[in-house]
Amino acid sequence: MGAQQSKTSPEAAAHEKAILDHLQSLKLEDDFVHVSSEKEPVFSGGINRQPEKLAVEITQNWQSKLLADPKNRLALSALSSANPREVLTNRAAKIADQHVFNVRIPFEGAPITNQRSSGRCWLFASTNVFRIALMKKYNLDAFELSQAYLFFWDKLEKANFFLENVIDTADQPLDDRLVQRLLADPVSDGGQWDMVYNLVDKYGLVPQTLYPDSWNAISSSTINYIVVAKLREYAIVLRDLVNSTTTTAATLSATKDKMVREIQLILTLTLGPPPSSTEDFEWTFVDKDGRARTVVSTPHRFARDISSAEYRITSAAIAGMVSLVHDPRHAPLTLMTVERLGNVVGGRGVTYINADMGTLKQACASMLRAGLPVFFGSDVGKFSERGRGVMDPDLFDFELGFNVRLYGGGLDKAARLRVGESAMTHAMVLTAVHVDADGNTVRWRVQNSWGADVGEKGWFVMSDAWMDEFVYQAVVDPRFLARKVRDVLRQTPVVLPLWDPMGSLA
């Protein structure tokens, strides 16, 4: 069974044709859309043509011709018995992408972190940037800030942010595109640099030892399911209240507050009660010289105490950093923001300076020469191999295997954004770059948050060509930008809709 291709008998074919003829003769009621089988012209882009069926005979002919070629039979044997990525890995690219860099920040921080089965990369990347100054200040070999602490408050703030957006859009139809976009992703794990700023500004930071990951921080799918289900339920309730003529502002606020309290209950029982942002904590640790030390602070003060004179890293400098993006759909030196994208009501909105890749890469290299790590956002799943820790558009030779080009073909970076083929999906940290004799950047050293069992003990190497194609954002100190770039911050921003690719949360 299944060894022979099926063939349609003449009797079955005639019966099928009779059924089709009968169906085509039926008149549809006016409530339905009538699709005629007559040869009426179909206009698509000014071209007069009919939709064409995919004929079985044609596909069989294509397949016969394909398998007549010995090269295709060889490809069939190789590609059907293993992961095509492994089969088509370009050995030359692996050899070229060595972990050798001639510009490197003097202190990269440790250990390699692990976000595990959660989408908290932006919190890991940002805290990996913050921790360097604290590690130098307290003389530490290894240190992590609590990502779970920020994760807790981000979930709660996003819940409130979502419910306020629901109230504000309650006059729109439920199937309105904006309303549906809000409902599609009320409290994702992802975020952006400006959203980290909001959390740290409001709640501060704590060492990871004082608020470690719970099981649900490590594997967030269950709490996301529960919280999202409740928020969508709340959305219907709030929309009905807003559209009722008897609802008062006080009733609406009280109802929303009760909903947020229920979300806080869920988060507290699954993530654990976080330290108070205003009360003292006591952090006891052993520094790299073996001395036992104790620090007493509040999360707010601890965040403000980020400082390192050696690298000119301070909490104020971090707060002043700006997001450069490369979005070739828009003109360079354009200020952009995304409508209703954020996490804290009344907090900083998400703002980007659109720049060309030359400006973005130059700023990153300048940061690294000054000893500063760089938070960046990219589409990490494209032409990357996590086992070896390589990101290179030449890594997989799909043209060799399938005679099709996925990179350098019909879609450039702008087109990939327009059709949904690419977007920011992951945040990481740059700590080094290799520059050739002419001053051109060649490859970049990347600190990931997928644990030490992938890449080169957790480190990845990114080719400069991959950066051109799949890096969208870098967060930099404005002192490394030309005045004309800094002056973009004075512009009135172009407001992108919430569903725009630049609204993707890493």
# chains A, B, ... in the order shown; residues from 1 in each chain; ligands from 1
call {"tool": "residues_around", "arguments": {"residues": "A:Glu310", "least_positions_apart": "6", "cutoff": "10 Å", "atoms": "only C-alpha atoms", "output": "list in words"}}
result
Ala133, Lys136, Lys137, Ala370 and Gly371 of chain A
call {"tool": "write_last_selection", "arguments": {"atoms": "N, CA and C atoms", "output": "compact mmCIF listing (two decimals), in the first residue's frame"}}
result
# COMPACT_ATOMS: atom_id res chain seq x y z
N ALA A 133 29.92 47.24 35.52
CA ALA A 133 30.36 48.27 36.47
C ALA A 133 30.24 47.78 37.91
N LYS A 136 33.11 45.37 38.75
CA LYS A 136 34.36 46.09 39.02
C LYS A 136 34.29 46.80 40.38
N LYS A 137 33.14 47.37 40.68
CA LYS A 137 32.99 48.11 41.93
C LYS A 137 33.14 47.20 43.14
N ALA A 370 36.05 52.00 23.64
CA ALA A 370 36.01 52.68 24.94
C ALA A 370 35.79 51.72 26.10
N GLY A 371 35.71 50.42 25.80
CA GLY A 371 35.55 49.43 26.85
C GLY A 371 34.12 49.18 27.27
call {"tool": "residues_around", "arguments": {"residues": "A:Lys256", "least_positions_apart": "5", "cutoff": "9 Å", "atoms": "only C-alpha atoms", "output": "list in words"}}
result
Asn160, Leu163, Glu164, Tyr234, Leu238, Thr251 and Arg261 of chain A
call {"tool": "select_by_dssp", "arguments": {"residues": "stretch 169-344 of chain A", "states": "strand (DSSP E)", "output": "ChimeraX atom specification"}}
result
/A:281-286,292-297,307-308,313-314,322-325,334-338
call {"tool": "closest_residue", "arguments": {"among": "A:Ile263, A:Ala250, A:Leu496, A:Ala414", "to": "A:Val187", "atoms": "only C-alpha atoms"}}
result
A:Ile263
call {"tool": "atom_distance", "arguments": {"atom1": "atom CA of A:Trp283", "atom2": "atom CA of A:Leu210"}}
result
7.3 Å
call {"tool": "residues_around", "arguments": {"residues": "stretch 345-360 of chain A", "least_positions_apart": "3", "cutoff": "6 Å", "atoms": "only C-alpha atoms", "output": "PyMOL selection string"}}
result
chain A and resi 161+194+198+323-326+332-337+342+363
call {"tool": "write_last_selection", "arguments": {"atoms": "all heavy atoms", "output": "JSON list (two decimals), in the first residue's frame"}}
result
[["chain", "number", "residue", "atom", "x", "y", "z"],
["A", 161, "PHE", "N", -0.78, 48.19, 31.58],
["A", 161, "PHE", "CA", -0.64, 48.92, 30.31],
["A", 161, "PHE", "C", -1.67, 48.41, 29.29],
["A", 161, "PHE", "O", -2.32, 49.19, 28.59],
["A", 161, "PHE", "CB", 0.79, 48.72, 29.79],
["A", 161, "PHE", "CG", 1.19, 49.62, 28.67],
["A", 161, "PHE", "CD1", 1.69, 50.89, 28.91],
["A", 161, "PHE", "CD2", 1.09, 49.21, 27.35],
["A", 161, "PHE", "CE1", 2.08, 51.72, 27.87],
["A", 161, "PHE", "CE2", 1.46, 50.03, 26.30],
["A", 161, "PHE", "CZ", 1.97, 51.30, 26.57],
["A", 194, "ASP", "N", 14.10, 50.78, 26.03],
["A", 194, "ASP", "CA", 13.37, 51.82, 26.76],
["A", 194, "ASP", "C", 12.45, 51.23, 27.81],
["A", 194, "ASP", "O", 12.16, 51.87, 28.83],
["A", 194, "ASP", "CB", 12.56, 52.67, 25.78],
["A", 194, "ASP", "CG", 13.44, 53.57, 24.93],
["A", 194, "ASP", "OD1", 14.34, 54.20, 25.49],
["A", 194, "ASP", "OD2", 13.22, 53.62, 23.70],
["A", 198, "ASN", "N", 12.37, 51.89, 31.94],
["A", 198, "ASN", "CA", 11.18, 52.15, 32.75],
["A", 198, "ASN", "C", 11.16, 51.31, 34.02],
["A", 198, "ASN", "O", 10.83, 51.79, 35.10],
["A", 198, "ASN", "CB", 9.92, 51.86, 31.94],
["A", 198, "ASN", "CG", 9.67, 52.89, 30.86],
["A", 198, "ASN", "OD1", 10.12, 54.02, 30.94],
["A", 198, "ASN", "ND2", 8.94, 52.49, 29.82],
["A", 323, "SER", "N", 18.72, 54.32, 21.21],
["A", 323, "SER", "CA", 18.59, 53.17, 20.31],
["A", 323, "SER", "C", 18.74, 53.62, 18.87],
["A", 323, "SER", "O", 17.93, 54.41, 18.37],
["A", 323, "SER", "CB", 17.22, 52.50, 20.48],
["A", 323, "SER", "OG", 17.14, 51.79, 21.69],
["A", 324, "LEU", "N", 19.79, 53.14, 18.24],
["A", 324, "LEU", "CA", 19.91, 53.29, 16.80],
["A", 324, "LEU", "C", 19.26, 52.07, 16.15],
["A", 324, "LEU", "O", 19.43, 50.94, 16.63],
["A", 324, "LEU", "CB", 21.38, 53.33, 16.36],
["A", 324, "LEU", "CG", 22.25, 54.49, 16.82],
["A", 324, "LEU", "CD1", 23.65, 54.34, 16.23],
["A", 324, "LEU", "CD2", 21.65, 55.83, 16.43],
["A", 325, "VAL", "N", 18.53, 52.27, 15.07],
["A", 325, "VAL", "CA", 18.00, 51.15, 14.31],
["A", 325, "VAL", "C", 18.36, 51.32, 12.85],
["A", 325, "VAL", "O", 18.58, 52.44, 12.37],
["A", 325, "VAL", "CB", 16.46, 50.98, 14.45],
["A", 325, "VAL", "CG1", 16.08, 50.65, 15.87],
["A", 325, "VAL", "CG2", 15.72, 52.21, 13.94],
["A", 326, "HIS", "N", 18.44, 50.21, 12.15],
["A", 326, "HIS", "CA", 18.58, 50.25, 10.70],
["A", 326, "HIS", "C", 17.31, 49.68, 10.09],
["A", 326, "HIS", "O", 17.10, 48.47, 10.07],
["A", 326, "HIS", "CB", 19.80, 49.44, 10.24],
["A", 326, "HIS", "CG", 19.98, 49.48, 8.74],
["A", 326, "HIS", "ND1", 20.08, 48.34, 7.97],
["A", 326, "HIS", "CD2", 20.03, 50.53, 7.88],
["A", 326, "HIS", "CE1", 20.20, 48.68, 6.70],
["A", 326, "HIS", "NE2", 20.18, 50.00, 6.62],
["A", 332, "PRO", "N", 17.29, 57.51, 6.48],
["A", 332, "PRO", "CA", 18.19, 57.67, 7.63],
["A", 332, "PRO", "C", 17.98, 59.02, 8.31],
["A", 332, "PRO", "O", 17.44, 59.97, 7.72],
["A", 332, "PRO", "CB", 19.58, 57.58, 6.98],
["A", 332, "PRO", "CG", 19.38, 56.87, 5.68],
["A", 332, "PRO", "CD", 18.01, 57.28, 5.22],
["A", 333, "LEU", "N", 18.40, 59.09, 9.56],
["A", 333, "LEU", "CA", 18.27, 60.30, 10.37],
["A", 333, "LEU", "C", 16.80, 60.69, 10.55],
["A", 333, "LEU", "O", 16.43, 61.85, 10.46],
["A", 333, "LEU", "CB", 19.09, 61.46, 9.78],
["A", 333, "LEU", "CG", 20.59, 61.19, 9.60],
["A", 333, "LEU", "CD1", 21.29, 62.43, 9.07],
["A", 333, "LEU", "CD2", 21.22, 60.74, 10.92],
["A", 334, "THR", "N", 15.99, 59.67, 10.79],
["A", 334, "THR", "CA", 14.58, 59.86, 11.09],
["A", 334, "THR", "C", 14.31, 59.34, 12.50],
["A", 334, "THR", "O", 14.76, 58.25, 12.86],
["A", 334, "THR", "CB", 13.69, 59.09, 10.10],
["A", 334, "THR", "OG1", 13.93, 59.58, 8.77],
["A", 334, "THR", "CG2", 12.21, 59.26, 10.42],
["A", 335, "LEU", "N", 13.60, 60.13, 13.30],
["A", 335, "LEU", "CA", 13.20, 59.68, 14.62],
["A", 335, "LEU", "C", 11.90, 58.90, 14.50],
["A", 335, "LEU", "O", 10.96, 59.35, 13.82],
["A", 335, "LEU", "CB", 13.01, 60.87, 15.56],
["A", 335, "LEU", "CG", 12.78, 60.55, 17.04],
["A", 335, "LEU", "CD1", 14.00, 59.90, 17.65],
["A", 335, "LEU", "CD2", 12.40, 61.81, 17.81],
["A", 336, "MET", "N", 11.83, 57.73, 15.12],
["A", 336, "MET", "CA", 10.66, 56.88, 14.99],
["A", 336, "MET", "C", 10.21, 56.40, 16.37],
["A", 336, "MET", "O", 11.02, 56.21, 17.28],
["A", 336, "MET", "CB", 10.96, 55.67, 14.10],
["A", 336, "MET", "CG", 11.44, 56.04, 12.70],
["A", 336, "MET", "SD", 11.53, 54.63, 11.55],
["A", 336, "MET", "CE", 12.66, 53.54, 12.40],
["A", 337, "THR", "N", 8.92, 56.19, 16.49],
["A", 337, "THR", "CA", 8.35, 55.55, 17.67],
["A", 337, "THR", "C", 7.24, 54.63, 17.21],
["A", 337, "THR", "O", 6.84, 54.66, 16.05],
["A", 337, "THR", "CB", 7.84, 56.60, 18.68],
["A", 337, "THR", "OG1", 7.47, 55.95, 19.90],
["A", 337, "THR", "CG2", 6.63, 57.35, 18.13],
["A", 342, "GLY", "N", 4.88, 49.72, 24.82],
["A", 342, "GLY", "CA", 5.51, 50.07, 26.08],
["A", 342, "GLY", "C", 5.13, 49.09, 27.17],
["A", 342, "GLY", "O", 4.52, 48.05, 26.91],
["A", 363, "ALA", "N", 29.34, 53.38, 15.52],
["A", 363, "ALA", "CA", 29.03, 53.66, 16.92],
["A", 363, "ALA", "C", 29.32, 52.45, 17.81],
["A", 363, "ALA", "O", 29.85, 52.59, 18.91],
["A", 363, "ALA", "CB", 27.57, 54.07, 17.05]]
call {"tool": "closest_residue", "arguments": {"among": "A:Glu469, A:Asp412, A:Glu456, A:Asp464", "to": "A:Asp436", "atoms": "only C-alpha atoms"}}
result
A:Asp464
call {"tool": "closest_residue", "arguments": {"among": "A:Val344, A:Ala110, A:Leu182, A:Ala92", "to": "A:Trp153", "atoms": "only C-alpha atoms"}}
result
A:Val344
